[in-house]
Amino acid sequence: MREHGFEPDFPADAQRQLQTIPSSPAAQPSEAVRDLRELLWSSIDNSTSRDLDQIEVAEQLANGDIKVSIGIADVDAFVPAWTPIDQHASVETVTVYTGIRNFPMLPEMLSNDITSLLESADKLAVVIEFAVAADGAVHSEQIYRALVRNKAQLAYDDVGPWLEKKGPAPPKVAASQPLQAQLTLQDACAQRLLNARQRHGALNIETVETRPVLLHGDVVDIERQQKNRATELIEDFMIATNEIVARTLEKFALPSIRRIVKSPERWPRIVELARSFGATLPSAPDSRALNEFLSARRAADPTHFPDLSLAVIKLMGPGEYAVERPGDTEPNHFGLAVQDYTHATAPNRRFADLVTQRLVKAAVAARPSPYDEGQLTAIARNCTVKEDAARKVEREMSKRIAAVAMSHRIGETFDAVVTGVNPHGTFVRVLRPHIEGMLVRGADGLDVGDTLRVALVRTDAERGYIDFARA
């Protein structure tokens with residue numbers, strides 16, 4: 001962490017501030033803070049998550065629209081700007097998940113307890129409310145503060161199979177007909193949003209995430225985290241929420257931090273990759289055409305689709321934070337096919353989201369912006385730098401974990417895909433288990449997206465090295 005510019009330990013003044021923070025909301029229901037505790041709010045996240053940033057509830061309207069309310073943890077209510085905890089968060093900018101230990105942006109007493117939207121507790125939230133028509137169009141947007149209570153804390157791995165009709169309902173869901181109806185309605189609404197985005201060219205990408213399998217504290221294997229209907233539900237709701245917050249800030253003519261992924265840096269290679277599958281893409285970047293190609297490949301070869309997705313992601317280049325000034329026409333988010341996009345849904349674990357929360361709270365309350373343009377520019381720049389650093393930490397730790405898990409498999413051969421080619425070497429990802437390493441022999445002529453057979457020749461857990469040779 002320190003090698004990449006992080007300071008994992010909270011300073012003494014932040015610890016002192018933490019002791020002064022109340023453990024429950026000081027605000028009471030009022031004209032400024034609505035009381036929505038009776039609604040059937042629920043959350044869906046990883047089974048081990050404690051830093052819950054959002055909860056959801058939906059309502060079927062008589063005209064066929066679905067009204068959705070997304071409650072985002074009101075972290076700003078407990079961590080004012082420029083206080084010691086906030087200043088530490090402004091340097092770290094992100095919670096780093098290393099697979100073995102988490103390094104939180106905020107003290108865990110806050111992110112995992114006081115501000116976390118945990119089940120059966122009264123919490124302060126910023127609510128983003130909107131209606132979704134049958135064609136996925138979003139309208140009737142509102143943002144306001146509220147007291148909320150999460151009625152059901154659920155997990156992706158339990159809810160997803162049930163929504164897909166591939167598994168039983170989780171116990172909390174099975175025990176409540178209203179909750180079953182609520183989740184089914186949320187899923188239907190999320191599918192409306194997803195279909196609308198895909199019609200506009202949002203990329204049909206499937207990334208692969210892994211987690212270590214531990215036995216008595218030792219890493220014994222690497223398993224893939226499966227994306228499912230529940231993860232899609234939350235993803236689609238969060239994208240819509242982030243768009244609404246961005247449009248709201250634009251409406252109030254406030255400078256704000258946007259999340260952008262520019263047109264792909266290596267579009268010609270994406271075109272070449274598509275040609276290898278017998279498809280033709282335009283010479284200029286075109287998200288709709290790329291999505292049509294990706295959708296066709298998902299249908300034709302779902303097993304290897306995540307690896308094609310990974311290659312496209314690598315060729316698109318990383319996202320970044322940028323300041324949008326009133327009247328600007330900044331580049332849109334290429335991968336999501338949206339023009340207005342910010343990060344606003346994870347203030348417990350991303351500083352850009354906490355800053356955006358303060359901006360939107362000030363806007364709807366008709367207060368001046370808490371940040372000037374220069375401060376926002378510096379914040380956006382640091383958030384981009386630290387997000388990249390966090391990816392490096394997480395990648396290095398995942399390599400160490402994978403090296404431990406693979407140390408007993410020297411000499412075995414695997415199917416792999418090339419994920420990176422740079423002056424440091426050629427890198428490949430093994431398909432099963434999903435691990436990445438360097439191709440130390442036989443790399444000539446290979447490029448991102450090529451598939452091959454490799455043999456594991458060496459692991460070094462201390463340095464996180466996994467070396468392969470072309471088989």
# chains A, B, ... in the order shown; residues from 1 in each chain; ligands from 1
call {"tool": "residues_around", "arguments": {"residues": "region 33-46 of chain A", "least_positions_apart": "4", "cutoff": "8 Å", "atoms": "only C-alpha atoms", "output": "mmCIF file with C-alpha atoms, in the first residue's frame"}}
result
data_model
loop_
_atom_site.group_PDB
_atom_site.id
_atom_site.type_symbol
_atom_site.label_atom_id
_atom_site.label_comp_id
_atom_site.auth_asym_id
_atom_site.auth_seq_id
_atom_site.Cartn_x
_atom_site.Cartn_y
_atom_site.Cartn_z
ATOM 1 C CA ALA A 27 -31.701 14.439 12.157
ATOM 2 C CA GLN A 28 -35.379 13.789 12.751
ATOM 3 C CA PRO A 29 -38.137 13.599 10.140
ATOM 4 C CA LEU A 52 -23.420 -0.938 2.432
ATOM 5 C CA GLN A 54 -27.252 1.739 -1.186
ATOM 6 C CA ILE A 55 -30.722 0.290 -0.685
ATOM 7 C CA GLU A 56 -33.604 0.066 -3.148
ATOM 8 C CA VAL A 57 -37.381 0.003 -3.296
ATOM 9 C CA ASP A 122 -32.545 3.755 11.177
ATOM 10 C CA TYR A 144 -33.972 14.540 -1.315
ATOM 11 C CA ARG A 145 -32.797 13.489 2.155
ATOM 12 C CA ALA A 146 -34.634 10.849 4.192
ATOM 13 C CA LEU A 147 -34.589 8.544 7.167
ATOM 14 C CA VAL A 148 -34.635 4.938 5.950
ATOM 15 C CA ARG A 149 -34.549 1.402 7.346
ATOM 16 C CA ASN A 150 -33.190 -1.585 5.419
ATOM 17 C CA LYS A 151 -35.736 -4.393 5.865
ATOM 18 C CA ALA A 152 -33.710 -7.147 4.146
ATOM 19 C CA GLN A 153 -29.941 -7.357 3.703
ATOM 20 C CA LEU A 154 -29.467 -9.841 0.837
ATOM 21 C CA ALA A 155 -26.558 -11.320 -1.150
ATOM 22 C CA TYR A 156 -25.935 -11.554 -4.905
ATOM 23 C CA ASP A 157 -25.142 -15.268 -4.788
ATOM 24 C CA VAL A 159 -30.848 -13.650 -4.973
ATOM 25 C CA LEU A 179 -40.401 -9.037 -0.583
ATOM 26 C CA GLN A 182 -40.684 -6.283 -4.563
ATOM 27 C CA ALA A 230 -28.916 -9.773 -9.046
ATOM 28 C CA THR A 231 -25.569 -8.132 -9.836
ATOM 29 C CA ILE A 234 -27.881 -3.367 -8.865
#
call {"tool": "residues_around", "arguments": {"residues": "region 392-399 of chain A", "least_positions_apart": "6", "cutoff": "8 Å", "atoms": "only C-alpha atoms", "output": "list in words"}}
result
Met1, His4, Val96, Tyr97, Thr98, Gly99, Ile435, Glu436, Gly437, Ala461, Gly464, Tyr465 and Ile466 of chain A
call {"tool": "residues_around", "arguments": {"residues": "Trp162 (chain A)", "least_positions_apart": "5", "cutoff": "12 Å", "atoms": "only C-alpha atoms", "output": "number ranges by chain"}}
result
A: 154-157, 167-171, 173-174, 180, 183-184, 187, 228-230
call {"tool": "write_last_selection", "arguments": {"atoms": "N, CA and C atoms", "output": "PDB file, in the first residue's frame"}}
result
ATOM      1  N   LEU A 154     -29.542  -8.641   1.662  1.00  0.00           N
ATOM      2  CA  LEU A 154     -29.467  -9.841   0.837  1.00  0.00           C
ATOM      3  C   LEU A 154     -28.136  -9.912   0.111  1.00  0.00           C
ATOM      4  N   ALA A 155     -27.840 -11.087  -0.477  1.00  0.00           N
ATOM      5  CA  ALA A 155     -26.558 -11.320  -1.150  1.00  0.00           C
ATOM      6  C   ALA A 155     -26.792 -11.696  -2.612  1.00  0.00           C
ATOM      7  N   TYR A 156     -25.867 -11.247  -3.471  1.00  0.00           N
ATOM      8  CA  TYR A 156     -25.935 -11.554  -4.905  1.00  0.00           C
ATOM      9  C   TYR A 156     -26.063 -13.049  -5.165  1.00  0.00           C
ATOM     10  N   ASP A 157     -25.205 -13.834  -4.501  1.00  0.00           N
ATOM     11  CA  ASP A 157     -25.142 -15.268  -4.788  1.00  0.00           C
ATOM     12  C   ASP A 157     -26.433 -15.995  -4.422  1.00  0.00           C
ATOM     13  N   GLY A 167     -32.547 -21.514  -8.727  1.00  0.00           N
ATOM     14  CA  GLY A 167     -32.301 -21.889  -7.350  1.00  0.00           C
ATOM     15  C   GLY A 167     -33.446 -21.448  -6.461  1.00  0.00           C
ATOM     16  N   PRO A 168     -33.459 -21.912  -5.214  1.00  0.00           N
ATOM     17  CA  PRO A 168     -34.537 -21.560  -4.288  1.00  0.00           C
ATOM     18  C   PRO A 168     -34.409 -20.112  -3.809  1.00  0.00           C
ATOM     19  N   ALA A 169     -35.496 -19.589  -3.300  1.00  0.00           N
ATOM     20  CA  ALA A 169     -35.469 -18.248  -2.728  1.00  0.00           C
ATOM     21  C   ALA A 169     -34.636 -18.260  -1.446  1.00  0.00           C
ATOM     22  N   PRO A 170     -33.837 -17.223  -1.194  1.00  0.00           N
ATOM     23  CA  PRO A 170     -33.139 -17.131   0.092  1.00  0.00           C
ATOM     24  C   PRO A 170     -34.166 -17.125   1.221  1.00  0.00           C
ATOM     25  N   PRO A 171     -33.785 -17.552   2.418  1.00  0.00           N
ATOM     26  CA  PRO A 171     -34.756 -17.658   3.520  1.00  0.00           C
ATOM     27  C   PRO A 171     -35.557 -16.382   3.770  1.00  0.00           C
ATOM     28  N   VAL A 173     -36.322 -14.072   1.693  1.00  0.00           N
ATOM     29  CA  VAL A 173     -37.227 -13.859   0.565  1.00  0.00           C
ATOM     30  C   VAL A 173     -38.355 -14.881   0.592  1.00  0.00           C
ATOM     31  N   ALA A 174     -38.014 -16.122   0.870  1.00  0.00           N
ATOM     32  CA  ALA A 174     -39.027 -17.181   0.927  1.00  0.00           C
ATOM     33  C   ALA A 174     -40.077 -16.898   1.990  1.00  0.00           C
ATOM     34  N   GLN A 180     -40.788 -10.903  -2.110  1.00  0.00           N
ATOM     35  CA  GLN A 180     -40.682 -11.590  -3.397  1.00  0.00           C
ATOM     36  C   GLN A 180     -41.219 -10.701  -4.520  1.00  0.00           C
ATOM     37  N   LEU A 183     -38.762  -7.654  -5.149  1.00  0.00           N
ATOM     38  CA  LEU A 183     -37.544  -7.989  -5.900  1.00  0.00           C
ATOM     39  C   LEU A 183     -37.866  -8.315  -7.363  1.00  0.00           C
ATOM     40  N   THR A 184     -38.990  -8.972  -7.595  1.00  0.00           N
ATOM     41  CA  THR A 184     -39.396  -9.273  -8.970  1.00  0.00           C
ATOM     42  C   THR A 184     -39.672  -7.988  -9.743  1.00  0.00           C
ATOM     43  N   ASP A 187     -36.367  -6.267 -10.510  1.00  0.00           N
ATOM     44  CA  ASP A 187     -35.692  -6.966 -11.608  1.00  0.00           C
ATOM     45  C   ASP A 187     -36.303  -6.574 -12.951  1.00  0.00           C
ATOM     46  N   ASN A 228     -24.531 -12.384 -12.085  1.00  0.00           N
ATOM     47  CA  ASN A 228     -25.854 -12.967 -12.263  1.00  0.00           C
ATOM     48  C   ASN A 228     -26.915 -11.869 -12.354  1.00  0.00           C
ATOM     49  N   ARG A 229     -28.169 -12.274 -12.341  1.00  0.00           N
ATOM     50  CA  ARG A 229     -29.273 -11.324 -12.527  1.00  0.00           C
ATOM     51  C   ARG A 229     -29.320 -10.302 -11.380  1.00  0.00           C
ATOM     52  N   ALA A 230     -28.908 -10.700 -10.181  1.00  0.00           N
ATOM     53  CA  ALA A 230     -28.916  -9.773  -9.046  1.00  0.00           C
ATOM     54  C   ALA A 230     -27.818  -8.718  -9.184  1.00  0.00           C
TER      55      ALA A 230
END
call {"tool": "residues_around", "arguments": {"residues": "Leu290 (chain A)", "least_positions_apart": "2", "cutoff": "12 Å", "atoms": "only C-alpha atoms", "output": "short mmCIF file (atom, residue, chain, number, x, y, z; two decimals) with C-alpha atoms, in the first residue's frame"}}
result
data_model
loop_
_atom_site.label_atom_id
_atom_site.label_comp_id
_atom_site.auth_asym_id
_atom_site.auth_seq_id
_atom_site.Cartn_x
_atom_site.Cartn_y
_atom_site.Cartn_z
CA GLN A 198 -28.09 -1.60 -25.00
CA HIS A 200 -28.09 3.05 -27.35
CA GLY A 201 -24.90 1.00 -27.67
CA ALA A 202 -23.89 0.11 -24.10
CA LEU A 203 -21.26 -2.60 -24.31
CA ASN A 204 -22.32 -6.16 -23.58
CA ILE A 205 -19.21 -6.99 -21.53
CA SER A 263 -13.12 6.44 -27.22
CA PRO A 264 -10.90 3.34 -27.26
CA TRP A 267 -9.70 0.83 -31.86
CA ILE A 270 -10.40 -4.04 -31.72
CA VAL A 271 -11.35 -3.98 -35.42
CA LEU A 273 -9.83 -8.72 -33.22
CA ALA A 274 -13.40 -8.65 -34.55
CA ARG A 275 -12.12 -9.56 -38.04
CA ALA A 279 -16.99 -9.69 -38.10
CA THR A 280 -16.49 -6.21 -39.57
CA LEU A 281 -16.41 -3.05 -37.43
CA PRO A 282 -16.33 0.57 -38.70
CA SER A 283 -12.93 2.24 -38.98
CA ALA A 284 -13.99 4.89 -36.44
CA PRO A 285 -14.97 3.99 -32.84
CA ASP A 286 -18.64 3.00 -32.70
CA SER A 287 -20.06 1.63 -29.43
CA ARG A 288 -23.29 0.36 -31.03
CA GLU A 292 -23.60 -5.89 -31.70
CA PHE A 293 -20.37 -7.81 -32.27
CA LEU A 294 -19.99 -8.59 -28.55
CA SER A 295 -23.60 -9.74 -28.24
CA ALA A 296 -23.15 -12.08 -31.18
CA ARG A 297 -20.00 -13.54 -29.65
CA LEU A 308 -12.96 -11.57 -25.29
CA SER A 309 -14.49 -8.99 -22.93
CA VAL A 312 -11.75 -5.35 -25.33
CA ILE A 313 -11.54 -3.69 -21.91
CA MET A 316 -10.37 0.50 -24.58
CA PHE A 334 -18.03 5.03 -24.20
CA GLY A 335 -18.61 1.68 -22.51
CA LEU A 336 -21.96 2.64 -20.95
CA ALA A 337 -23.21 4.70 -23.93
#
call {"tool": "residues_around", "arguments": {"residues": "Ala311 (chain A)", "least_positions_apart": "2", "cutoff": "8 Å", "atoms": "only C-alpha atoms", "output": "list in words"}}
result
Asp307, Leu308, Ser309, Ile313, Lys314, Leu315, Val418, Thr419, Val448 and Gly449 of chain A
call {"tool": "residues_around", "arguments": {"residues": "Pro11 (chain A)", "least_positions_apart": "5", "cutoff": "12 Å", "atoms": "only C-alpha atoms", "output": "list in words"}}
result
Arg16, Gln17, Leu18, Pro84, Ile85, Asp86, Gln87, His88, Ala89, Val91, Leu106 and Pro107 of chain A
call {"tool": "closest_residue", "arguments": {"among": "A:Thr93, A:Ser120, A:Ser407, A:Gln60", "to": "Val385 (chain A)", "atoms": "only C-alpha atoms"}}
result
A:Thr93
call {"tool": "residues_around", "arguments": {"residues": "Asp218 (chain A)", "least_positions_apart": "4", "cutoff": "9 Å", "atoms": "only C-alpha atoms", "output": "PyMOL selection string"}}
result
chain A and resi 213-214+404
call {"tool": "atom_distance", "arguments": {"atom1": "CA of Asp74 (chain A)", "atom2": "CA of Pro347 (chain A)"}}
result
7.8 Å
call {"tool": "closest_residue", "arguments": {"among": "A:Arg298, A:Arg269, A:Lys386, A:Arg325", "to": "Glu250 (chain A)", "atoms": "only C-alpha atoms"}}
result
A:Arg325
call {"tool": "closest_residue", "arguments": {"among": "A:Phe237, A:Trp82, A:Phe427, A:Phe277", "to": "Glu129 (chain A)", "atoms": "only C-alpha atoms"}}
result
A:Phe237
call {"tool": "closest_residue", "arguments": {"among": "A:Pro25, A:Gly160, A:Gly217, A:Gly278", "to": "Ile114 (chain A)", "atoms": "only C-alpha atoms"}}
result
A:Pro25
call {"tool": "select_by_dssp", "arguments": {"residues": "region 78-134 of chain A", "states": "helix (DSSP H, G or I)", "output": "MDAnalysis selection string"}}
result
chainID A and resid 84:92 108:114
call {"tool": "write_last_selection", "arguments": {"atoms": "N, CA and C atoms", "output": "mmCIF file, in the first residue's frame"}}
result
data_model
loop_
_atom_site.group_PDB
_atom_site.id
_atom_site.type_symbol
_atom_site.label_atom_id
_atom_site.label_comp_id
_atom_site.auth_asym_id
_atom_site.auth_seq_id
_atom_site.Cartn_x
_atom_site.Cartn_y
_atom_site.Cartn_z
ATOM 1 N N PRO A 84 -10.563 16.206 9.779
ATOM 2 C CA PRO A 84 -9.430 15.265 9.673
ATOM 3 C C PRO A 84 -9.765 13.959 8.951
ATOM 4 N N ILE A 85 -10.915 13.358 9.259
ATOM 5 C CA ILE A 85 -11.275 12.103 8.579
ATOM 6 C C ILE A 85 -11.451 12.350 7.089
ATOM 7 N N ASP A 86 -12.088 13.465 6.736
ATOM 8 C CA ASP A 86 -12.291 13.797 5.336
ATOM 9 C C ASP A 86 -10.972 14.057 4.629
ATOM 10 N N GLN A 87 -10.052 14.742 5.293
ATOM 11 C CA GLN A 87 -8.765 15.032 4.670
ATOM 12 C C GLN A 87 -7.971 13.757 4.421
ATOM 13 N N HIS A 88 -8.046 12.807 5.362
ATOM 14 C CA HIS A 88 -7.391 11.511 5.135
ATOM 15 C C HIS A 88 -8.049 10.798 3.952
ATOM 16 N N ALA A 89 -9.394 10.828 3.891
ATOM 17 C CA ALA A 89 -10.106 10.192 2.781
ATOM 18 C C ALA A 89 -9.756 10.855 1.456
ATOM 19 N N SER A 90 -9.524 12.164 1.466
ATOM 20 C CA SER A 90 -9.212 12.874 0.225
ATOM 21 C C SER A 90 -7.857 12.471 -0.330
ATOM 22 N N VAL A 91 -6.976 11.974 0.533
ATOM 23 C CA VAL A 91 -5.659 11.501 0.094
ATOM 24 C C VAL A 91 -5.756 10.054 -0.383
ATOM 25 N N GLU A 92 -6.472 9.217 0.381
ATOM 26 C CA GLU A 92 -6.592 7.794 0.017
ATOM 27 C C GLU A 92 -7.525 7.614 -1.182
ATOM 28 N N GLU A 108 -13.567 2.015 9.877
ATOM 29 C CA GLU A 108 -14.612 1.000 9.771
ATOM 30 C C GLU A 108 -15.807 1.281 10.680
ATOM 31 N N MET A 109 -15.587 1.984 11.793
ATOM 32 C CA MET A 109 -16.711 2.349 12.654
ATOM 33 C C MET A 109 -17.735 3.184 11.891
ATOM 34 N N LEU A 110 -17.234 3.948 10.903
ATOM 35 C CA LEU A 110 -18.123 4.714 10.040
ATOM 36 C C LEU A 110 -18.636 3.874 8.876
ATOM 37 N N SER A 111 -17.715 3.397 8.027
ATOM 38 C CA SER A 111 -18.110 2.757 6.771
ATOM 39 C C SER A 111 -18.841 1.441 6.975
ATOM 40 N N ASN A 112 -18.542 0.730 8.045
ATOM 41 C CA ASN A 112 -19.161 -0.574 8.280
ATOM 42 C C ASN A 112 -20.283 -0.530 9.306
ATOM 43 N N ASP A 113 -20.515 0.652 9.904
ATOM 44 C CA ASP A 113 -21.494 0.707 10.987
ATOM 45 C C ASP A 113 -22.337 1.977 10.926
ATOM 46 N N ILE A 114 -21.769 3.106 11.340
ATOM 47 C CA ILE A 114 -22.571 4.318 11.530
ATOM 48 C C ILE A 114 -23.245 4.776 10.238
#
call {"tool": "atom_distance", "arguments": {"atom1": "CA of Gln375 (chain A)", "atom2": "CA of Arg358 (chain A)"}}
result
13.4 Å
call {"tool": "select_by_dssp", "arguments": {"residues": "region 241-403 of chain A", "states": "strand (DSSP E)", "output": "tab-separated table (two decimals) with C-alpha atoms, in the first residue's frame"}}
result
chain	number	residue	atom	x	y	z
A	256	SER	CA	-18.91	18.58	-10.99
A	257	ILE	CA	-16.72	15.51	-11.22
A	258	ARG	CA	-17.63	13.16	-14.07
A	259	ARG	CA	-16.56	9.61	-14.74
A	260	ILE	CA	-15.58	9.12	-18.37
A	320	GLU	CA	-10.76	8.65	-15.48
A	321	TYR	CA	-12.31	11.43	-13.43
A	322	ALA	CA	-12.69	14.86	-15.02
A	323	VAL	CA	-14.31	18.15	-14.05
A	324	GLU	CA	-17.28	19.24	-16.13
call {"tool": "atom_distance", "arguments": {"atom1": "CA of Phe78 (chain A)", "atom2": "CA of Gln186 (chain A)"}}
result
29.8 Å
call {"tool": "closest_residue", "arguments": {"among": "A:Asn348, A:Lys165, A:Gln225, A:Asp135", "to": "Arg50 (chain A)", "atoms": "only C-alpha atoms"}}
result
A:Asn348
call {"tool": "closest_residue", "arguments": {"among": "A:Glu223, A:Asp51, A:Glu412, A:Glu272", "to": "Met105 (chain A)", "atoms": "only C-alpha atoms"}}
result
A:Asp51
call {"tool": "decode", "arguments": {"residues": "region 149-186 of chain A", "atoms": "C-alpha atoms", "output": "PDB file, in the first residue's frame"}}
result
ATOM      1  CA  ARG A 149     -34.549   1.402   7.346  1.00  0.00           C
ATOM      2  CA  ASN A 150     -33.190  -1.585   5.419  1.00  0.00           C
ATOM      3  CA  LYS A 151     -35.736  -4.393   5.865  1.00  0.00           C
ATOM      4  CA  ALA A 152     -33.710  -7.147   4.146  1.00  0.00           C
ATOM      5  CA  GLN A 153     -29.941  -7.357   3.703  1.00  0.00           C
ATOM      6  CA  LEU A 154     -29.467  -9.841   0.837  1.00  0.00           C
ATOM      7  CA  ALA A 155     -26.558 -11.320  -1.150  1.00  0.00           C
ATOM      8  CA  TYR A 156     -25.935 -11.554  -4.905  1.00  0.00           C
ATOM      9  CA  ASP A 157     -25.142 -15.268  -4.788  1.00  0.00           C
ATOM     10  CA  ASP A 158     -28.509 -16.025  -3.132  1.00  0.00           C
ATOM     11  CA  VAL A 159     -30.848 -13.650  -4.973  1.00  0.00           C
ATOM     12  CA  GLY A 160     -29.376 -14.100  -8.470  1.00  0.00           C
ATOM     13  CA  PRO A 161     -30.162 -17.818  -8.943  1.00  0.00           C
ATOM     14  CA  TRP A 162     -33.678 -17.251  -7.576  1.00  0.00           C
ATOM     15  CA  LEU A 163     -34.347 -14.410 -10.033  1.00  0.00           C
ATOM     16  CA  GLU A 164     -33.034 -16.636 -12.826  1.00  0.00           C
ATOM     17  CA  LYS A 165     -35.278 -19.493 -11.631  1.00  0.00           C
ATOM     18  CA  LYS A 166     -32.196 -21.656 -11.135  1.00  0.00           C
ATOM     19  CA  GLY A 167     -32.301 -21.889  -7.350  1.00  0.00           C
ATOM     20  CA  PRO A 168     -34.537 -21.560  -4.288  1.00  0.00           C
ATOM     21  CA  ALA A 169     -35.469 -18.248  -2.728  1.00  0.00           C
ATOM     22  CA  PRO A 170     -33.139 -17.131   0.092  1.00  0.00           C
ATOM     23  CA  PRO A 171     -34.756 -17.658   3.520  1.00  0.00           C
ATOM     24  CA  LYS A 172     -35.655 -13.984   4.020  1.00  0.00           C
ATOM     25  CA  VAL A 173     -37.227 -13.859   0.565  1.00  0.00           C
ATOM     26  CA  ALA A 174     -39.027 -17.181   0.927  1.00  0.00           C
ATOM     27  CA  ALA A 175     -40.575 -15.975   4.180  1.00  0.00           C
ATOM     28  CA  SER A 176     -42.071 -12.790   2.679  1.00  0.00           C
ATOM     29  CA  GLN A 177     -44.464 -12.616  -0.272  1.00  0.00           C
ATOM     30  CA  PRO A 178     -44.194  -8.795  -0.344  1.00  0.00           C
ATOM     31  CA  LEU A 179     -40.401  -9.037  -0.583  1.00  0.00           C
ATOM     32  CA  GLN A 180     -40.682 -11.590  -3.397  1.00  0.00           C
ATOM     33  CA  ALA A 181     -42.983  -9.222  -5.291  1.00  0.00           C
ATOM     34  CA  GLN A 182     -40.684  -6.283  -4.563  1.00  0.00           C
ATOM     35  CA  LEU A 183     -37.544  -7.989  -5.900  1.00  0.00           C
ATOM     36  CA  THR A 184     -39.396  -9.273  -8.970  1.00  0.00           C
ATOM     37  CA  LEU A 185     -40.570  -5.729  -9.716  1.00  0.00           C
ATOM     38  CA  GLN A 186     -37.060  -4.334  -9.233  1.00  0.00           C
TER      39      GLN A 186
END
